[in-house]
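Notes follow once the structure below has been shown.
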Amino acid sequence: EVIAEKKKQKLPCTAELAEAQKLHGQLKRLESETSTWASDRDATLKLLGNVLDPSVPCSDSEEHNEVMAVWPPAELPPCSVSSFTPPSSGARGQHDDLLWRIGGYDPDRGTKVAGSRGFFLEDVGVLLNQALLNFGLAFLRQRGYKAIQPPYMMRKELMADLAQLSDFNDQLYKVSKGDSPGDGDKYLIATSEQPLCALHAKELLDVETLPRRYAGLSSCFRTELGKAGKENRGIFRVHQFEKVEQFCITDGDLSTSQQMLSEMLETAQDFYKALGIPHRVVKVVSGELNDAAVMKFDLEGWFAGQGVYRELVSCSNCTDFQSRALDIRTRSERAKEKPRFVHLLNATLVAAGRCLCCLLETYQTSTGVRVPDALVPFMGPLGLGHGQDSNSNWHVAEARNQKEVWTSCPSSARAAVWQRHRRRLDRFHVSHPMASWRTSTRSSCTSHT
């Protein structure tokens, strides 16, 4: 104002102009420093984890996880829902040997092609893997979940808002494009939770559309550094696998999101009960939680061949930790109130490879592996290419549906349906309801970790 007034009066203002220029330079320097300080502040804040729920056990050891439930409730491990006759070796087999013996995978050629932990799923291994995924999607859709298949790669800046700094080196695969470093860098997802978190980034969601339930289907990619060992043999812990994930969004009320957490955990329990897999639910100790979760439950399946419980499901409430980083809010029913950050929750439904391992050990018999009743209808569509006509694509489901009404059919009709069902099953090498052992022997069943 002083300079403008002097210029208006045609008075000299050299000193004032010099002072203004000096102040302008100082302002630019302070703005630059402020931006740097803000970035440093945000980076430091990202190192702080979410506030834990008071009920979380305080410990650094998984041995202190709190057991919340065991199924079947009347039995204690070792237990199995299937009757078992020991194979010729006189002992239960472990999943890697069982999967090879039914012709389900080839680890040797997989390692040759992909390196450590590489494998080819084959024949009945592919059928069972896909059946678990399809059953999982159908299971969630019946409960009001929307099926969604996300991108398998994410931009670096979005992944940085979600993944812990250690995950970039320990879990994530980097995909580079271009000649210069950092040009178009992306990261392969380790779980569909990551892209589903970013699905509504920088959006304002109508509270009337909440809660939202997504069934994420994706391949997952993890480096799994430093986790080799006998306990991770076969396809239990690998670099690439398929998974169906529960992902839910609720309003910013803690009681609402905790209720949703209980619902998601119950859904996972019901899924494994439907598969007939003995399991237990544990509340995970504080030292084993990631930065985002205020509470986490693990569902651990009973691996009958190993005689141990192992993790199949992780179920977490991350409240507004991730939504703050991604700026996902909901508009309140009362317009005068400020929008609130939503709460984000995630839970595995089925990691197909890991669940398959448990299923093999649970349902092994002296002559093969029994296919659980819940999966039989989902084996059918993958029998294509074995000579079935177009009306028999769903031959297993068709036979099961007809079996349900056999009581009202003539005996000759029941016999005809059964024989047709058996012939169709034989075409894709699964004798009802079994996957049989290979007749040849494998030279070695070593760990492919």
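Every chain in the structure tokens has a letter given in the order shown (A, B, ...), and although residue numbers restart at 1 in each chain, ligands are simply numbered from 1 in the order shown.
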
Residue list (strand (DSSP E or B), DSSP) for stretch 214-271 of chain A, as a list in words: Tyr214, Ala215, Gly216, Leu217, Ser218, Ser219, Cys220, Phe221, Gln240, Phe241, Glu242, Lys243, Val244, Glu245, Gln246, Phe247, Cys248, Ile249 and Thr250 of chain A

Nearby residues (only C-alpha atoms) at most 8 Å from A:Ser323, same-chain spacing under 5 positions excluded, as a VMD selection string: chain A and resid 197 201 328 to 329 341 to 344

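Closest approach to A:Gly216 from the set A:Ser192, A:Thr362, A:Gln322, A:Asn317 is made by A:Ser192, with distances taken over only C-alpha atoms.
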
Work out how far apart atom CA of A:Glu224 and atom CA of A:Glu300 are and give it in Å to one decimal.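 Answer for the atom CA of A:Glu224 to atom CA of A:Glu300 separation: 19.6 Å.
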
Using only C-alpha atoms, which of A:Thr111, A:Ser59, A:Gln246, A:Asn346 sits nearest A:Ala147?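 Smallest separation from A:Ala147 among the options: A:Gln246.
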
Could you pull the residues within 10 Å of A:Tyr152, counting only C-alpha atoms, minus those fewer than 3 positions along the same chain, as a ChimeraX atom specification? /A:149,186-192,194-195,218-221
